[in-house]
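Participant: Mind having a look at this structure? Questions to follow.
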Amino acid sequence: MGAGIAAYKVPGVVRHFMKLGDDVRVMPTRSSLHFVGKTTWQALSNNPAHTDVFEEEAGVDHVEAARNADLIVIAPATADLIARIRIGLADDLLTTTVLAATCPVLVVPAMHTAMWENPATQDNISVLKERGIHVLEPTEGALSSGDTGRGRMPEADQIAEAAEAILADVSGAGESSAGVPGMAGDLSAGISGAGASDLGGAPQVTGVPDMAGIKAFVTAGGTREPIDPVRYLGNHSTGKQGVAIAQALKEAGAEVTLFAANIADDLIPSGIEVVQTPSATDLHDAVTSRAGEFQLGFFVAAVADFRPRKYNEAKVKKTEANADGWTIDLVRNPDILKETAAKFPELFCVGFAAETGDDAQIMEFGREKARRKGADLIAINRVGTGVGFGTAENAITVVTEAGDVVLKASGTKLEVARVLVALTKQKLL
Ligand code: C5P
């Protein structure tokens, strides 16, 4: 933590993570101790609070602390501290730790408006973002100088929420295996629950929706189509996007079932029903037999379009007969979204479409897909352009079956999931 009057809000952030059972280490800069002393930090975090690398028992702790941390939150981040991080200074324990860290870093600036708006600070902030550091921008309001303007540090609960969004993103809320956690993100200060959204005339989607009493399912992951007992045809999807939606539904109070196609156990949130559906056939059978129980279905899984026509009960060996090659005959898999939407007209169906092309093409593909599959909404994710796949920033455009754009949302995968869930709640009413 840096030296600013906003330091008085930071104990709330420490307490939040202590309540969750996290191991919290506070590293105050030397001048920040004018605002809040070490005794307070030590008492709140139950850990020593060091300032300098050479403090007794701190020793080489910065490397250890940097290696062990899941997230570093720098709040308040003064103009001076931001500048020091930008140029890679390592003149105290905090900056040394940041330099050694590989985990995500959340910077929460707080300063006078003039300092915040100074091109030097703005330039430093842009560089930090380019490097993948998250920045929770200051809000407007009364400043300690008596002036009013942008520069106020967001409240403790907003900082905790932003930190949790990053942690959730790291532990699973992405689009694909290519999704890199901890990349640059503009976390708007008004993040509370719904994430950043650009609604373009669509109904306002804010706050955490109340979905108590609603039963929802999510298909997620990538199916594997068995060839023989040891081989399959698969894809790179890890299920992170679907998991983020399941998480957002759970947060909203819905009863959630996750139809999981090969998702790593540690990605799956607690408190939801999980049905393992490794192949497209498993997923098809599970969803079509149970869809009648639900009001809402999100079809996020990457379902293989084809599967081997024949499953070999024994492992296929290299023989003289296949010395020249091996041809696997494929048959089409059923389209689970299309079939479910047709069979269960009462079910509100949200599909996903990863598309490439320019804006107009992408919108047309999405509209066509919504109509063809009978989905109530299709969330279109642009891929192959540095957005969607391979970035932590996710951007979706949601169209209705009639082809209307009802939402554009961007932010971390969990933020986007929250906005999408809030939208479906509105549509369900
Ligand atoms: O046709 P395409 O694969 O692009 O459609 C993607 C959408 O359809 C996703 O929502 C996906 O989960 C769903 N889908 C499905 N069953 C399939 C293929 C896709 O439910 N066999």
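Residue numbers start at 1 in each chain; chains themselves are named A, B, ... in the order of the structure tokens; ligands are numbered from 1 in the order shown.
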Restrict the calculation to only C-alpha atoms and all ligand atoms, then for each residue of chain A with any atom at most 6 Å from an atom of ligand 1 give the closest atom pair and their distance in Å to one decimal, rows by chain and rising residue number, as a Markdown table.

Facilitator:
```
| residue | atom | partner | partner_atom_place_in_ligand_line | distance |
| --- | --- | --- | --- | --- |
| A:Phe299 | CA | ligand 1 | 12 (O) | 4.0 |
| A:Val300 | CA | ligand 1 | 12 (O) | 4.2 |
| A:Ala301 | CA | ligand 1 | 12 (O) | 4.2 |
| A:Ala302 | CA | ligand 1 | 12 (O) | 5.4 |
| A:Val303 | CA | ligand 1 | 18 (C) | 4.8 |
| A:Asp305 | CA | ligand 1 | 21 (N) | 5.3 |
| A:Asn333 | CA | ligand 1 | 21 (N) | 5.6 |
| A:Pro334 | CA | ligand 1 | 21 (N) | 5.1 |
| A:Asp335 | CA | ligand 1 | 21 (N) | 3.5 |
| A:Ile336 | CA | ligand 1 | 20 (O) | 3.8 |
| A:Leu337 | CA | ligand 1 | 20 (O) | 3.7 |
| A:Gly351 | CA | ligand 1 | 10 (O) | 3.5 |
| A:Phe352 | CA | ligand 1 | 10 (O) | 3.8 |
| A:Ala353 | CA | ligand 1 | 6 (C) | 4.9 |
```

Participant: For all heavy atoms, I'd like the residues from the last selection saved as a short mmCIF file (atom, residue, chain, number, x, y, z; two decimals), in the first residue's frame.

Facilitator:
```
data_model
loop_
_atom_site.label_atom_id
_atom_site.label_comp_id
_atom_site.auth_asym_id
_atom_site.auth_seq_id
_atom_site.Cartn_x
_atom_site.Cartn_y
_atom_site.Cartn_z
N PHE A 299 -25.86 -22.67 -23.59
CA PHE A 299 -25.16 -23.69 -24.39
C PHE A 299 -23.79 -23.14 -24.75
O PHE A 299 -23.63 -22.46 -25.75
CB PHE A 299 -25.98 -24.04 -25.63
CG PHE A 299 -27.31 -24.66 -25.32
CD1 PHE A 299 -28.38 -23.89 -24.87
CD2 PHE A 299 -27.50 -26.03 -25.44
CE1 PHE A 299 -29.60 -24.47 -24.57
CE2 PHE A 299 -28.71 -26.63 -25.14
CZ PHE A 299 -29.78 -25.84 -24.70
N VAL A 300 -22.83 -23.42 -23.89
CA VAL A 300 -21.51 -22.83 -24.06
C VAL A 300 -20.49 -23.87 -24.51
O VAL A 300 -19.39 -23.54 -24.95
CB VAL A 300 -21.05 -22.14 -22.74
CG1 VAL A 300 -19.92 -21.17 -23.02
CG2 VAL A 300 -22.20 -21.41 -22.07
N ALA A 301 -20.85 -25.14 -24.42
CA ALA A 301 -19.88 -26.20 -24.74
C ALA A 301 -19.46 -26.15 -26.20
O ALA A 301 -20.25 -25.79 -27.08
CB ALA A 301 -20.49 -27.57 -24.43
N ALA A 302 -18.21 -26.50 -26.43
CA ALA A 302 -17.72 -26.70 -27.80
C ALA A 302 -17.98 -28.17 -28.13
O ALA A 302 -17.27 -29.06 -27.68
CB ALA A 302 -16.23 -26.39 -27.87
N VAL A 303 -19.08 -28.37 -28.85
CA VAL A 303 -19.52 -29.74 -29.14
C VAL A 303 -18.92 -30.16 -30.48
O VAL A 303 -19.03 -29.43 -31.47
CB VAL A 303 -21.06 -29.80 -29.23
CG1 VAL A 303 -21.52 -31.25 -29.42
CG2 VAL A 303 -21.71 -29.19 -27.99
N ASP A 305 -18.64 -31.49 -33.98
CA ASP A 305 -19.67 -31.62 -35.01
C ASP A 305 -19.76 -33.05 -35.52
O ASP A 305 -20.81 -33.47 -36.01
CB ASP A 305 -19.37 -30.66 -36.16
CG ASP A 305 -19.55 -29.21 -35.73
OD1 ASP A 305 -20.48 -28.96 -34.94
OD2 ASP A 305 -18.76 -28.35 -36.15
N ASN A 333 -22.78 -35.26 -35.40
CA ASN A 333 -23.42 -35.28 -34.08
C ASN A 333 -24.70 -34.46 -34.13
O ASN A 333 -24.82 -33.54 -34.95
CB ASN A 333 -22.47 -34.66 -33.04
CG ASN A 333 -21.51 -35.69 -32.48
OD1 ASN A 333 -21.86 -36.85 -32.31
ND2 ASN A 333 -20.29 -35.26 -32.21
N PRO A 334 -25.65 -34.78 -33.26
CA PRO A 334 -26.86 -33.94 -33.22
C PRO A 334 -26.51 -32.53 -32.73
O PRO A 334 -25.55 -32.36 -31.97
CB PRO A 334 -27.75 -34.65 -32.19
CG PRO A 334 -26.83 -35.51 -31.38
CD PRO A 334 -25.67 -35.85 -32.26
N ASP A 335 -27.26 -31.53 -33.20
CA ASP A 335 -27.07 -30.16 -32.69
C ASP A 335 -27.93 -30.05 -31.42
O ASP A 335 -29.17 -30.00 -31.49
CB ASP A 335 -27.50 -29.14 -33.74
CG ASP A 335 -27.12 -27.73 -33.32
OD1 ASP A 335 -27.35 -27.38 -32.14
OD2 ASP A 335 -26.59 -27.00 -34.16
N ILE A 336 -27.27 -30.05 -30.28
CA ILE A 336 -27.99 -30.14 -29.00
C ILE A 336 -28.83 -28.88 -28.75
O ILE A 336 -29.98 -28.96 -28.32
CB ILE A 336 -26.97 -30.37 -27.85
CG1 ILE A 336 -26.16 -31.64 -28.13
CG2 ILE A 336 -27.69 -30.48 -26.51
CD1 ILE A 336 -24.93 -31.81 -27.26
N LEU A 337 -28.25 -27.74 -29.06
CA LEU A 337 -28.99 -26.48 -28.86
C LEU A 337 -30.24 -26.46 -29.73
O LEU A 337 -31.35 -26.19 -29.25
CB LEU A 337 -28.05 -25.29 -29.18
CG LEU A 337 -28.69 -23.92 -29.31
CD1 LEU A 337 -29.54 -23.56 -28.11
CD2 LEU A 337 -27.61 -22.85 -29.53
N GLY A 351 -27.36 -19.33 -26.73
CA GLY A 351 -26.26 -20.03 -27.40
C GLY A 351 -25.05 -19.13 -27.52
O GLY A 351 -25.12 -17.92 -27.29
N PHE A 352 -23.96 -19.72 -27.90
CA PHE A 352 -22.72 -18.97 -28.11
C PHE A 352 -22.24 -19.18 -29.53
O PHE A 352 -22.44 -20.25 -30.10
CB PHE A 352 -21.63 -19.41 -27.12
CG PHE A 352 -21.65 -18.59 -25.87
CD1 PHE A 352 -22.65 -18.77 -24.94
CD2 PHE A 352 -20.68 -17.63 -25.65
CE1 PHE A 352 -22.69 -18.00 -23.79
CE2 PHE A 352 -20.70 -16.86 -24.50
CZ PHE A 352 -21.71 -17.04 -23.57
N ALA A 353 -21.61 -18.17 -30.08
CA ALA A 353 -21.06 -18.31 -31.43
C ALA A 353 -19.71 -17.60 -31.47
O ALA A 353 -19.63 -16.41 -31.19
CB ALA A 353 -22.02 -17.69 -32.44
#
```

Participant: Residues within 7 Å of range 15-25 of chain A, please, as a PyMOL selection string. Count only C-alpha atoms; anything in the same chain fewer than 6 positions from it doesn't count.

Facilitator: chain A and resi 44-45+47+49+160

Participant: If you run DSSP over the backbone, which residues in range 306-387 of chain A end up alpha helix (DSSP H)? Put them as a PyMOL selection string.

Facilitator: chain A and resi 336-343+359-373

Participant: Take the selection from the previous step and output its residues with C-alpha atoms, as an mmCIF file, in the first residue's frame.

Facilitator:
```
data_model
loop_
_atom_site.group_PDB
_atom_site.id
_atom_site.type_symbol
_atom_site.label_atom_id
_atom_site.label_comp_id
_atom_site.auth_asym_id
_atom_site.auth_seq_id
_atom_site.Cartn_x
_atom_site.Cartn_y
_atom_site.Cartn_z
ATOM 1 C CA ILE A 336 -27.987 -30.140 -29.002
ATOM 2 C CA LEU A 337 -28.988 -26.482 -28.862
ATOM 3 C CA LYS A 338 -31.198 -26.722 -31.936
ATOM 4 C CA GLU A 339 -32.902 -29.924 -30.814
ATOM 5 C CA THR A 340 -33.430 -28.728 -27.244
ATOM 6 C CA ALA A 341 -34.808 -25.337 -28.319
ATOM 7 C CA ALA A 342 -37.300 -27.103 -30.623
ATOM 8 C CA LYS A 343 -38.393 -29.736 -28.080
ATOM 9 C CA ASP A 359 -18.441 -6.348 -37.771
ATOM 10 C CA ALA A 360 -21.155 -6.703 -40.418
ATOM 11 C CA GLN A 361 -20.266 -10.312 -41.223
ATOM 12 C CA ILE A 362 -20.117 -11.288 -37.566
ATOM 13 C CA MET A 363 -23.530 -9.795 -36.880
ATOM 14 C CA GLU A 364 -25.012 -11.575 -39.863
ATOM 15 C CA PHE A 365 -23.486 -14.940 -38.844
ATOM 16 C CA GLY A 366 -24.864 -14.447 -35.316
ATOM 17 C CA ARG A 367 -28.357 -13.530 -36.511
ATOM 18 C CA GLU A 368 -28.427 -16.443 -38.897
ATOM 19 C CA LYS A 369 -27.288 -18.807 -36.119
ATOM 20 C CA ALA A 370 -29.948 -17.561 -33.684
ATOM 21 C CA ARG A 371 -32.677 -18.122 -36.296
ATOM 22 C CA ARG A 372 -31.385 -21.494 -37.473
ATOM 23 C CA LYS A 373 -30.980 -22.910 -33.997
#
```

Participant: Suppose you want the space between CA of Val36 in chain A and CA of Val107 in chain A; what is it in Å?

Facilitator: 18.8 Å

Participant: Provide the CA of Gly213 in chain A to CA of Ile380 in chain A distance in Å, to one decimal place.

Facilitator: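 Taking CA of Gly213 in chain A as the start and CA of Ile380 in chain A as the end point, the length is 27.9 Å.
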
Participant: So how far away is CA of Ser237 in chain A from CA of Gly374 in chain A, in Å?

Facilitator: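 Spanning CA of Gly374 in chain A to CA of Ser237 in chain A is a straight-line distance of 23.7 Å.
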